[in-house]
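Asker: Pasting a structure below so you can have a look.
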Amino acid sequence: MRTEAPFRHGTPQKTAVLLVNLGTPDAPDAPSLRRYLREFLSDPRVVEIPRLVWWMILNLFILPFRPKKSAAKYATVWTEKGSPLLAIGHQQVARLCEGFKDRRWEVKVELAMRYGNPSVASKMDELRAAGYDRVLVFPLYPQYAAATTASVMDAVFQWAAPVRNLPELRFVKHYHDHPAYIHALADSVLAHWRAHGRPNFDGGDVLLMSFHGVPEFALLKGDPYHCECHKTGRLLAEALGLEKSNYRVTFQSRFGKAKWLEPYTDATLKALGQAGTKRIDVICPGFMADCLETLEEINQEGREDFLHAGGGEFHYIACLNDSDGAAAMLSEIVAQHLQGWPVDMGYEEAMAAELAASRRLALAMGARDGQST
């Protein structure tokens with residue numbers, strides 16, 4: 001157990017939310033990718049192969065060669081603010097904080113990455129040192145999988161093992177069928193169609209929903225991920241008024257030679273292109289923020305696969321990112337999980353928050369009036 005400062009009576013109760021996403025290298029170069037991949041691929045939740053066998057494969061065949069190739073891919077999506085996943089994550093934190101101020105809530109929001117920086121352990125240390133004794137851990141994976149959500153829980157429990165005075169913890173397990181999540185997804189699709197026209201579904205156009213893949217044995221061992229992805233797909237299609245023939249649910253990012261969840265996204269894109277599909281719209285509902293898997297694997301490689309195979313128009317629909325729909329969804333889900341915890345501001349903080357909210361409303365009304373004239 002760690003040596004800690006003595007407990008003090010009368011300490012105010014404080015609540016925090018820790019958003020957690022998958023992770024990102026520190027830079028788009030081989031050394032950064034090697035550190036990141038070593039941590040990521042050493043997680044037994046991610047690779048369920050006997051440890052000694054996998055250690056040899058990882059250190060002798062993957063880490064000496066894969067980082068350089070992966071770094072080149074990351075370089076194609078890197079931004080002035082760095083990793084898109086990390087930059088968007090900070091924007092999501094800011095939007096969630098704005099929502100809390102409008103509610104007159106005094107809730108701290110932080111961002112962590114399961115792999116890479118900032119780590120889960122470092123952020124939990126910061127929150128504990130600042131006196132936050134209620135922490136809601138929110139893995140930003142809509143669909144639960146042992147390799148993702150459970151791994152975040154592992155990281156929190158590993159941090160907690162040597163801590164004597166633990167904060168009260170809650171976890172968001174999943175939100176694959178939450179009405180606010182489905183509504184936000186549907187709004188993002190409709191916004192894209194308003195800007196770029198609606199696909200001609202009667203003419204064979206397709207909405208493809210690509211989820212991150214996992215090995216098929218995960219499903220056979222009882223992982224609910226496959227079923228939750230299909231439920232998300234069905235609910236989104238219903239919200240958009242689509243028939244079963246209008247959309248596909250596929251799985252991307254397979255790794256290694258084992259059989260993964262099918263149908264595969266890349267094979268489906270090639271097949272649709274070869275069939276002469278005039279237009280395909282692709283959305284990735286399993287990702288809350290655009291990242292390498294969406295910006296490079298789908299919008300670059302997937303686009304090329306479809307067009308090269310003979311397809312017509314390829315439209316990529318961005319992730320929810322820091323949109324209004326994402327902010328509203330995150331705020332609603334967090335509010336449900338924080339019930340019963342201390343969140344209210346003091347009088348002075350509440351008055352300042354009300355003034356800030358009034359100013360934002362006035363600015364929004366002014367912008368709207370300006371557009372109408």
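By convention in this document, the chains of the structure tokens carry letters A, B, ... by their order, each chain's residues are numbered from 1, and ligands are numbered from 1 in the order they are shown.
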Find the spatial neighbours of Ser245 in chain A, counting only C-alpha atoms, within a cut-off of 10 Å - ignore same-chain residues fewer than 2 positions away - and output them as a PyMOL selection string.
Answerer: chain A and resi 201-202+204-207+242-243+247-248
Asker: Near Leu127 in chain A, within 10 Å and counting only C-alpha atoms, which residues show up once chain neighbours fewer than 2 positions away are dropped, as JSON, numbers by chain?
Answerer: {"A": [14, 15, 16, 17, 18, 108, 109, 110, 121, 122, 123, 124, 125, 129, 130, 131, 132, 133, 134, 135, 167]}
Asker: Compile the contact shell of range 180-195 of chain A as a PyMOL selection string: residues with an atom at most 12 Å away, counting only C-alpha atoms, same-chain residues fewer than 4 positions apart removed.
Answerer: chain A and resi 140-143+174-176+199-200+207-209+231-242+280-288+315-334+336
Asker: Using DSSP on the backbone, list every residue of range 166-253 of chain A that comes out as strand (DSSP E or B), and give them as a list in words.
Answerer: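 Matching residues for strand (DSSP E or B) in range 166-253 of chain A are Glu168, Leu169, Arg170, Phe171, Val206, Leu207, Leu208, Met209, Ser210, Phe211, His212, Pro215, Tyr247, Arg248, Val249, Thr250, Phe251 and Gln252 of chain A.
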Asker: Could you save those same residues with all heavy atoms as a short mmCIF file (atom, residue, chain, number, x, y, z; two decimals), in the first residue's frame?
Answerer:
data_model
loop_
_atom_site.label_atom_id
_atom_site.label_comp_id
_atom_site.auth_asym_id
_atom_site.auth_seq_id
_atom_site.Cartn_x
_atom_site.Cartn_y
_atom_site.Cartn_z
N GLU A 168 -14.80 6.56 -4.72
CA GLU A 168 -15.93 5.76 -5.19
C GLU A 168 -15.90 5.78 -6.71
O GLU A 168 -15.73 6.83 -7.33
CB GLU A 168 -17.25 6.33 -4.66
CG GLU A 168 -18.45 5.49 -5.02
CD GLU A 168 -19.73 5.99 -4.38
OE1 GLU A 168 -19.64 6.87 -3.50
OE2 GLU A 168 -20.82 5.52 -4.77
N LEU A 169 -16.07 4.61 -7.31
CA LEU A 169 -15.94 4.48 -8.76
C LEU A 169 -17.24 3.98 -9.39
O LEU A 169 -17.93 3.12 -8.83
CB LEU A 169 -14.82 3.50 -9.10
CG LEU A 169 -13.40 3.89 -8.69
CD1 LEU A 169 -12.45 2.71 -8.87
CD2 LEU A 169 -12.92 5.08 -9.52
N ARG A 170 -17.54 4.54 -10.54
CA ARG A 170 -18.60 4.03 -11.40
C ARG A 170 -18.06 3.94 -12.82
O ARG A 170 -17.15 4.67 -13.19
CB ARG A 170 -19.83 4.94 -11.38
CG ARG A 170 -20.60 4.95 -10.06
CD ARG A 170 -21.78 5.90 -10.13
NE ARG A 170 -22.49 5.97 -8.86
CZ ARG A 170 -23.49 6.80 -8.62
NH1 ARG A 170 -23.90 7.66 -9.56
NH2 ARG A 170 -24.10 6.82 -7.45
N PHE A 171 -18.64 3.03 -13.61
CA PHE A 171 -18.21 2.84 -14.99
C PHE A 171 -19.40 2.87 -15.93
O PHE A 171 -20.48 2.37 -15.59
CB PHE A 171 -17.50 1.49 -15.16
CG PHE A 171 -16.21 1.36 -14.42
CD1 PHE A 171 -16.20 0.93 -13.09
CD2 PHE A 171 -15.01 1.66 -15.03
CE1 PHE A 171 -15.01 0.80 -12.39
CE2 PHE A 171 -13.81 1.53 -14.34
CZ PHE A 171 -13.81 1.10 -13.02
N VAL A 206 -25.81 2.34 -51.18
CA VAL A 206 -25.69 1.62 -49.91
C VAL A 206 -25.12 2.53 -48.82
O VAL A 206 -24.21 3.33 -49.08
CB VAL A 206 -24.77 0.38 -50.06
CG1 VAL A 206 -24.50 -0.27 -48.71
CG2 VAL A 206 -25.39 -0.63 -51.02
N LEU A 207 -25.66 2.39 -47.60
CA LEU A 207 -25.04 2.96 -46.41
C LEU A 207 -24.31 1.83 -45.71
O LEU A 207 -24.92 0.84 -45.30
CB LEU A 207 -26.09 3.56 -45.46
CG LEU A 207 -25.53 4.06 -44.12
CD1 LEU A 207 -24.59 5.25 -44.33
CD2 LEU A 207 -26.67 4.45 -43.16
N LEU A 208 -22.99 1.95 -45.61
CA LEU A 208 -22.18 0.91 -44.98
C LEU A 208 -21.77 1.37 -43.59
O LEU A 208 -21.21 2.46 -43.44
CB LEU A 208 -20.96 0.60 -45.84
CG LEU A 208 -20.14 -0.63 -45.43
CD1 LEU A 208 -19.58 -1.34 -46.66
CD2 LEU A 208 -18.99 -0.23 -44.50
N MET A 209 -22.05 0.55 -42.58
CA MET A 209 -21.69 0.85 -41.20
C MET A 209 -20.52 -0.06 -40.83
O MET A 209 -20.69 -1.27 -40.68
CB MET A 209 -22.87 0.60 -40.26
CG MET A 209 -24.15 1.31 -40.68
SD MET A 209 -25.51 0.85 -39.58
CE MET A 209 -26.92 1.49 -40.51
N SER A 210 -19.35 0.53 -40.71
CA SER A 210 -18.13 -0.25 -40.45
C SER A 210 -17.73 -0.13 -38.99
O SER A 210 -17.47 0.97 -38.49
CB SER A 210 -17.00 0.24 -41.36
OG SER A 210 -15.82 -0.50 -41.13
N PHE A 211 -17.65 -1.27 -38.32
CA PHE A 211 -17.24 -1.34 -36.91
C PHE A 211 -15.86 -1.96 -36.83
O PHE A 211 -15.45 -2.74 -37.69
CB PHE A 211 -18.22 -2.18 -36.10
CG PHE A 211 -19.61 -1.60 -35.99
CD1 PHE A 211 -20.54 -1.79 -37.00
CD2 PHE A 211 -19.98 -0.86 -34.88
CE1 PHE A 211 -21.82 -1.27 -36.90
CE2 PHE A 211 -21.25 -0.32 -34.77
CZ PHE A 211 -22.18 -0.53 -35.79
N HIS A 212 -15.14 -1.65 -35.78
CA HIS A 212 -13.84 -2.28 -35.57
C HIS A 212 -14.05 -3.78 -35.35
O HIS A 212 -14.97 -4.20 -34.67
CB HIS A 212 -13.12 -1.68 -34.37
CG HIS A 212 -11.64 -1.93 -34.37
ND1 HIS A 212 -11.10 -3.17 -34.11
CD2 HIS A 212 -10.59 -1.12 -34.62
CE1 HIS A 212 -9.78 -3.10 -34.19
NE2 HIS A 212 -9.45 -1.86 -34.50
N PRO A 215 -11.47 -10.82 -33.11
CA PRO A 215 -11.43 -12.23 -33.54
C PRO A 215 -12.76 -12.93 -33.28
O PRO A 215 -13.45 -12.64 -32.30
CB PRO A 215 -10.31 -12.83 -32.67
CG PRO A 215 -9.43 -11.67 -32.34
CD PRO A 215 -10.37 -10.50 -32.18
N TYR A 247 -28.57 -1.07 -46.32
CA TYR A 247 -27.37 -0.87 -45.51
C TYR A 247 -26.66 -2.20 -45.26
O TYR A 247 -27.23 -3.28 -45.43
CB TYR A 247 -27.72 -0.19 -44.18
CG TYR A 247 -28.45 -1.06 -43.19
CD1 TYR A 247 -27.77 -1.72 -42.17
CD2 TYR A 247 -29.83 -1.22 -43.25
CE1 TYR A 247 -28.44 -2.51 -41.24
CE2 TYR A 247 -30.51 -2.01 -42.33
CZ TYR A 247 -29.81 -2.66 -41.33
OH TYR A 247 -30.46 -3.45 -40.43
N ARG A 248 -25.40 -2.09 -44.87
CA ARG A 248 -24.59 -3.25 -44.50
C ARG A 248 -23.89 -2.95 -43.18
O ARG A 248 -23.50 -1.82 -42.90
CB ARG A 248 -23.50 -3.53 -45.55
CG ARG A 248 -23.98 -3.67 -46.97
CD ARG A 248 -24.53 -5.05 -47.28
NE ARG A 248 -24.64 -5.22 -48.72
CZ ARG A 248 -25.63 -4.73 -49.47
NH1 ARG A 248 -26.57 -3.99 -48.88
NH2 ARG A 248 -25.67 -4.94 -50.77
N VAL A 249 -23.70 -3.97 -42.37
CA VAL A 249 -22.87 -3.91 -41.17
C VAL A 249 -21.64 -4.76 -41.43
O VAL A 249 -21.75 -5.95 -41.73
CB VAL A 249 -23.62 -4.43 -39.93
CG1 VAL A 249 -22.67 -4.55 -38.73
CG2 VAL A 249 -24.78 -3.49 -39.57
N THR A 250 -20.45 -4.14 -41.34
CA THR A 250 -19.21 -4.84 -41.62
C THR A 250 -18.18 -4.55 -40.52
O THR A 250 -18.40 -3.70 -39.66
CB THR A 250 -18.62 -4.41 -42.98
OG1 THR A 250 -18.32 -3.00 -42.95
CG2 THR A 250 -19.61 -4.68 -44.11
N PHE A 251 -17.04 -5.27 -40.61
CA PHE A 251 -16.01 -5.15 -39.56
C PHE A 251 -14.64 -4.94 -40.20
O PHE A 251 -14.28 -5.63 -41.15
CB PHE A 251 -16.02 -6.40 -38.68
CG PHE A 251 -17.32 -6.60 -37.96
CD1 PHE A 251 -18.35 -7.34 -38.53
CD2 PHE A 251 -17.55 -6.00 -36.73
CE1 PHE A 251 -19.56 -7.51 -37.89
CE2 PHE A 251 -18.76 -6.16 -36.07
CZ PHE A 251 -19.77 -6.91 -36.65
N GLN A 252 -13.89 -4.00 -39.67
CA GLN A 252 -12.63 -3.58 -40.24
C GLN A 252 -11.46 -3.89 -39.30
O GLN A 252 -11.65 -4.42 -38.22
CB GLN A 252 -12.66 -2.07 -40.51
CG GLN A 252 -12.78 -1.23 -39.24
CD GLN A 252 -12.86 0.25 -39.52
OE1 GLN A 252 -13.94 0.78 -39.76
NE2 GLN A 252 -11.71 0.92 -39.48
#
Asker: From a backbone DSSP assignment, name each residue in range 46-274 of chain A labelled helix (DSSP H, G or I), as an MDAnalysis selection string.
Answerer: chainID A and resid 51:62 66:75 84:102 120:129 149:160 179:196 201:203 216:220 225:240 244:246 265:274
Asker: Nearest residue to Pro139 in chain A out of A:Gly89, A:Pro44, A:Gly302, A:Gly276, using only C-alpha atoms?
Answerer: A:Gly89
Asker: Go through A:Ile298, A:Leu272, A:Val46, A:Val120 and flag the residue nearest Ala150 in chain A, using only C-alpha atoms for the distances.
Answerer: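 Of A:Ile298, A:Leu272, A:Val46, A:Val120, the one nearest Ala150 in chain A, counting only C-alpha atoms, is A:Val46.
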Asker: So, counting only C-alpha atoms, which residue among A:Arg95, A:Arg128, A:Leu261, A:Arg8 is closest to Leu166 in chain A?
Answerer: A:Arg128
Asker: When you count only C-alpha atoms, which of these residues is closest to Leu63 in chain A: A:Leu295, A:Val156, A:Leu33, A:Ala75?
Answerer: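 Closest residue, counting only C-alpha atoms: A:Leu33.
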